[in-house]
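As structure tokens, the structure follows; a few thoughts come after it.
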Amino acid sequence: MCGIMGYVGSGETVSIILDGLEKLEYRGYDSVGLATVERGRIKTQKTVGRLAALRKMLAGNGKRGGAGIGHTRWATHGRPSERNAHPHLDCNQRLAVVHNGIIENYQELREQLQKKGHIFISETDTEVVAHLIEDYYKGDLLAAVRRILGQLKGSYALAVLSADEPGKIVVARKSSPLVIGLGTGENYIASDITALLDKTRDLFILDDNELAEVTPAAVRLTKADGTEVTKEVFRVEWDAVTAEKNGYEDFMRKEIHEQPQALQETLAGRVDWEKGTVVFPELKIGRDDLSAIRRIHLVACGTAYHAGVVGKYIFERLLRLPVEVDLASEYRYRQAIIGPDVLTIVISQSGETADTLAALRLSQAKGSRVLGITNVIGSSVAREADEVILTQAGPEIAVASTKAYTTQLLSLYLLGIYFAQELGTLEEALRQQLLTEVKLLPHLLEKTLATETKIKEFAEDFKAKENIFFIGRGLDYPSSMEGALKLKEISYINAQAYAAGELKHGTLALIEEGVPVFALATQPDLYEKMLSNIKEVKAREATVVALVSAGDYKTEKSVDYALYIPKTHPFFTPILAVVPLQLFAYHVAKVRGCDVDKPRNLAKSVTVE
Ligand code: F6R
């Protein structure tokens with residue numbers, strides 16, 4: 001995801017900003033830019049690609065003093081290009097803005113501003129911010145920024161520079177992190193603490209709906225309504241590596257906890273809440289093309305394949321079309337029946353997985369239209385697929401996929417609802433009900449993270465186990481598969497997932513005293529059947545952990561440990577149910593002393609067959 005760094009003071013502005021941005025490089029980006037005020041004018045330098053290229057362009061710019069803001073961009077609205085790189089300017093080039101997050105109503109604002117005569121240069125959502133501030137600017141940058149915030153829907157960390165107030169940066173935050181680093185006669189702003197650690201350890205952490213005016217001598221904090229804010233200075237005791245992890249012990253736990261934000265960002269701009277419809281402006285596939293589709297093939301590997309299995313349930317339920325889901329390594333060799341009446345959906349976090357790419361190319365060669373769901377803009381899947389949906393999970397650094405999975409699921413749900421809406425296969429009342437629930441998912445996922453306390457307490461009991469079974473029915477079955485994979489890959493405990501109805505066809509022979517069974521029972525229509533399966537394994541003295549929905553206190557009596565996910569529409573439980581499974585795998589691996597971020601024999605991106 002994007003990174004922000006800014007400086008005010010008498011030091012070497014340009015190199016301080018470039019150094020800060022370099023600390024944020026690990027987050028991933030596709031373009032980079034910087035703005036300073038020089039001789040009363042805003043000066044910007046931008047480039048597509050690496051920060052090193054910008055450093056080269058700016059070599060010799062030993063500018064000392066004044067203010068500057070820099071940005072690494074991970075494209076969301078508009079492809080990676082110099083025009084779309086931040087900072088963005090107003091019409092008169094007197095204001096410069098960098099932004100993290102997504103302005104959801106930017107189209108509407110852009111049209112209004114264009115009607116007033118504003119000229120836009122980029123395709124980004126951010127540029128509207130510069131033009132809006134221009135409309136309100138009367139010599140007081142803080143006041144102008146404060147006035148526009150009420151008009152912005154979505155999330156933002158903003159940093160703004162004005163040629164008319166050269167020694168100042170104004171920042172604002174809503175649902176996207178922003179910190180102010182405190183120096184002596186100089187101050188800093190950044191989207192991540194990591195960027196500042198070699199400069200200062202004293203910070204103000206901006207809260208939602210707060211703004212600040214940052215000058216070399218002072219930081220003035222206010223709320224969006226103008227009331228002054230006093231804050232305690234936050235002293236960072238972490239080392240640089242811990243800071244990259246934002247205080248978390250490892251990237252995996254950090255990424256598990258980032259899921260509410262990742263869902264929020266994947267959802268941003270995807271639903272027209274007033275009309276109650278899902279929107280995918282980037283898709284070229286129209287109603288007529290959809291009507292000609294007779295089958296859907298979902299193809300992926302590993303965790304992304306499990307998202308595909310959930311996708312099968314979603315699409316069959318919403319579209320009443322036959323759906324096949326395949327492991328890419330099988331699909332490419334099994335002589336699947338593929339043609340122009342098949343829509344192939346490939347799912348890949350990295351967008352570079354060799355088997356998934358081969359499946360994509362095979363489908364295209366057979367005349368099928370391919371839609372790619374990926375987290376990495378500019379990846380091979382993003383470039384080669386006929387249609388692309390980008391998940392907004394942000395960079396996933398731990399090898400075990402967590403936030404990419406939940407954002408893949410959310411994208412599949414939204415896509416299913418969108419296709420159904422276009423094809424008229426979804427009853428209006430159900431669509432509205434689903435959309436109401438979708439909106440709550442980031443919040444419900446946040447609540448689900450509370451299961452961690454209990455999981456941490458009992459993880460030790462599973463430390464010495466050699467085999468663990470995960471069972472579930474319906475939509476709980478793919479979640480069981482994902483739970484088993486997570487545990488295997490990071491704790492090295494053998495884990496098997498079974499559709500619970502399959503137990504009696506062989507596996508029951510392995511269930512004996514103390515064998516752990518993780519039973520998922522979140523589907524009301526299959527609940528009684530799941531309860532019978534739980535009793536079957538309990539009768540053989542298995543140790544059972546049950547995962548159920550809040551309000552179901554009946555299961556608790558029959559099991560050893562019960563975990564609860566918040567109530568949602570049964571259709572959406574996979575997004576919540578996977579969270580305790582990720583946390584279970586994580587804490588069991590930790591008590592076994594495993595390196596959760598870098599499990600043995602695995603790579604983050606599998607570019608070979
Ligand atoms: C498991 C995991 C892998 C990947 C698989 C596909 O936690 O990360 O199973 O899901 O290698 O990778 P992508 O999604 O990049 O195609």
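As shown in the structure tokens, the chain order sets the letters A, B, ...; within each chain, residues go from 1, and ligands are also counted from 1 in the order they appear.
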6 Å from ligand 1 is the threshold here; counting only C-alpha atoms and all ligand atoms, which polymer residues fall inside it? Answer as a list in words.
Cys301, Gly302, Thr303, Ala304, Ser348, Gln349, Ser350, Gly351, Thr353, Val399, Ala400, Ser401, Lys486, Ser605 and Val606 of chain A
According to DSSP computed on the backbone, where in region 283-428 of chain A is there strand (DSSP E)? Give the residues as a ChimeraX atom specification.
/A:295-300,323-327,342-348,369-374,387-390
Give the answer as one residue: which of A:Lys439, A:His71, A:Lys223, A:Lys153 has the shortest atom-to-atom distance to Ile103 (chain A), using only C-alpha atoms?
A:Lys153
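Of the residues listed (A:Leu319, A:Leu196, A:Val160, A:Val145), A:Leu319 shows the shortest atom-to-atom separation from Gln421 (chain A); distances use only C-alpha atoms.
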Going by DSSP on the backbone, which bits of region 231-457 of chain A are helix (DSSP H, G or I)? Write them as number ranges by chain, please.
A: 240-244, 251-257, 259-267, 287-291, 302-319, 328-331, 354-365, 380-384, 403-423, 428-457
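For the atom pair formed by CA of Ile345 (chain A) and CA of Tyr333 (chain A), the distance is 17.2 Å, given to one decimal.
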Exercise: Gln261 (chain A) partners within 12 Å, only C-alpha atoms, chain neighbours under 4 positions left out, as a VMD selection string:
chain A and resid 1 101 to 102 154 to 155 174 to 177 254 to 257 265 to 268 392 to 394 403 to 404 406 to 407 441 to 446
Take the residues just selected and output them with N, CA, C and O atoms as a CSV table (one decimal), in the first residue's frame.
chain,number,residue,atom,x,y,z
A,1,MET,N,0.8,-1.2,0.0
A,1,MET,CA,0.0,0.0,0.0
A,1,MET,C,0.9,1.2,0.0
A,1,MET,O,2.1,1.2,0.2
A,101,GLY,N,-5.3,5.8,1.1
A,101,GLY,CA,-6.7,5.5,1.3
A,101,GLY,C,-7.5,5.6,0.0
A,101,GLY,O,-6.9,5.7,-1.1
A,102,ILE,N,-8.8,5.7,0.1
A,102,ILE,CA,-9.6,5.8,-1.1
A,102,ILE,C,-10.7,6.8,-0.9
A,102,ILE,O,-11.5,6.7,0.1
A,154,GLY,N,-15.0,8.0,2.5
A,154,GLY,CA,-13.9,7.0,2.3
A,154,GLY,C,-12.9,7.1,3.4
A,154,GLY,O,-13.2,7.5,4.5
A,155,SER,N,-11.7,6.8,3.0
A,155,SER,CA,-10.6,6.8,4.0
A,155,SER,C,-9.4,7.7,3.5
A,155,SER,O,-9.2,7.7,2.3
A,174,LYS,N,-8.4,9.9,8.4
A,174,LYS,CA,-9.6,9.1,8.7
A,174,LYS,C,-9.4,7.7,8.2
A,174,LYS,O,-9.2,7.5,7.0
A,175,SER,N,-9.4,6.8,9.1
A,175,SER,CA,-9.2,5.3,8.7
A,175,SER,C,-8.0,5.0,8.0
A,175,SER,O,-8.0,4.0,7.2
A,176,SER,N,-7.0,5.8,8.0
A,176,SER,CA,-5.7,5.5,7.4
A,176,SER,C,-4.6,6.1,8.2
A,176,SER,O,-4.7,7.3,8.5
A,177,PRO,N,-3.6,5.3,8.6
A,177,PRO,CA,-2.7,5.8,9.7
A,177,PRO,C,-1.8,7.0,9.3
A,177,PRO,O,-1.4,7.1,8.1
A,254,LYS,N,0.3,-9.4,12.4
A,254,LYS,CA,-0.1,-8.1,12.0
A,254,LYS,C,-1.1,-8.2,10.9
A,254,LYS,O,-2.1,-7.5,10.9
A,255,GLU,N,-0.8,-9.1,9.9
A,255,GLU,CA,-1.7,-9.1,8.7
A,255,GLU,C,-3.1,-9.7,9.1
A,255,GLU,O,-4.1,-9.3,8.6
A,256,ILE,N,-3.1,-10.6,10.1
A,256,ILE,CA,-4.4,-11.1,10.6
A,256,ILE,C,-5.2,-10.0,11.1
A,256,ILE,O,-6.4,-9.8,10.9
A,257,HIS,N,-4.5,-9.1,11.9
A,257,HIS,CA,-5.2,-8.0,12.5
A,257,HIS,C,-5.5,-6.9,11.6
A,257,HIS,O,-6.3,-6.0,11.9
A,265,GLU,N,-11.2,-1.5,2.7
A,265,GLU,CA,-10.6,-1.0,1.5
A,265,GLU,C,-11.1,-1.7,0.2
A,265,GLU,O,-11.3,-1.2,-0.8
A,266,THR,N,-11.3,-3.0,0.4
A,266,THR,CA,-11.8,-3.8,-0.8
A,266,THR,C,-13.2,-3.5,-1.1
A,266,THR,O,-13.7,-3.5,-2.2
A,267,LEU,N,-13.9,-3.1,0.0
A,267,LEU,CA,-15.4,-2.7,-0.2
A,267,LEU,C,-15.5,-1.3,-0.7
A,267,LEU,O,-16.5,-1.0,-1.4
A,268,ALA,N,-14.5,-0.5,-0.5
A,268,ALA,CA,-14.7,1.0,-0.8
A,268,ALA,C,-15.0,1.2,-2.3
A,268,ALA,O,-14.3,0.6,-3.2
A,392,GLN,N,-7.8,-5.2,-2.2
A,392,GLN,CA,-7.1,-4.1,-1.6
A,392,GLN,C,-6.5,-4.6,-0.3
A,392,GLN,O,-6.7,-3.9,0.8
A,393,ALA,N,-5.9,-5.7,-0.2
A,393,ALA,CA,-5.3,-6.2,1.0
A,393,ALA,C,-4.1,-5.5,1.4
A,393,ALA,O,-3.7,-5.5,2.6
A,394,GLY,N,-3.4,-4.8,0.5
A,394,GLY,CA,-2.1,-4.2,0.8
A,394,GLY,C,-1.1,-5.3,0.7
A,394,GLY,O,-1.4,-6.5,0.6
A,403,LYS,N,-4.8,-12.0,5.0
A,403,LYS,CA,-5.7,-10.9,4.6
A,403,LYS,C,-6.0,-11.0,3.1
A,403,LYS,O,-7.0,-10.5,2.6
A,404,ALA,N,-5.1,-11.6,2.3
A,404,ALA,CA,-5.4,-11.8,0.9
A,404,ALA,C,-6.6,-12.7,0.7
A,404,ALA,O,-7.5,-12.4,-0.1
A,406,THR,N,-9.2,-13.3,2.9
A,406,THR,CA,-10.5,-12.6,3.2
A,406,THR,C,-10.9,-11.6,2.2
A,406,THR,O,-12.1,-11.4,1.9
A,407,THR,N,-9.9,-10.9,1.6
A,407,THR,CA,-10.3,-9.9,0.5
A,407,THR,C,-10.7,-10.6,-0.8
A,407,THR,O,-11.5,-10.1,-1.5
A,441,LEU,N,-19.4,-6.3,7.6
A,441,LEU,CA,-18.3,-7.3,7.7
A,441,LEU,C,-17.0,-6.8,8.3
A,441,LEU,O,-16.4,-7.5,9.2
A,442,PRO,N,-16.5,-5.6,7.9
A,442,PRO,CA,-15.2,-5.2,8.5
A,442,PRO,C,-15.4,-5.1,10.1
A,442,PRO,O,-14.5,-5.6,10.8
A,443,HIS,N,-16.5,-4.6,10.5
A,443,HIS,CA,-16.7,-4.5,11.9
A,443,HIS,C,-16.8,-5.8,12.6
A,443,HIS,O,-16.3,-6.1,13.7
A,444,LEU,N,-17.5,-6.7,12.0
A,444,LEU,CA,-17.7,-8.1,12.6
A,444,LEU,C,-16.4,-8.8,12.6
A,444,LEU,O,-16.1,-9.6,13.5
A,445,LEU,N,-15.6,-8.6,11.6
A,445,LEU,CA,-14.3,-9.3,11.6
A,445,LEU,C,-13.4,-8.8,12.7
A,445,LEU,O,-12.8,-9.5,13.4
A,446,GLU,N,-13.5,-7.5,13.0
A,446,GLU,CA,-12.8,-6.8,14.1
A,446,GLU,C,-13.2,-7.6,15.4
A,446,GLU,O,-12.4,-7.9,16.2
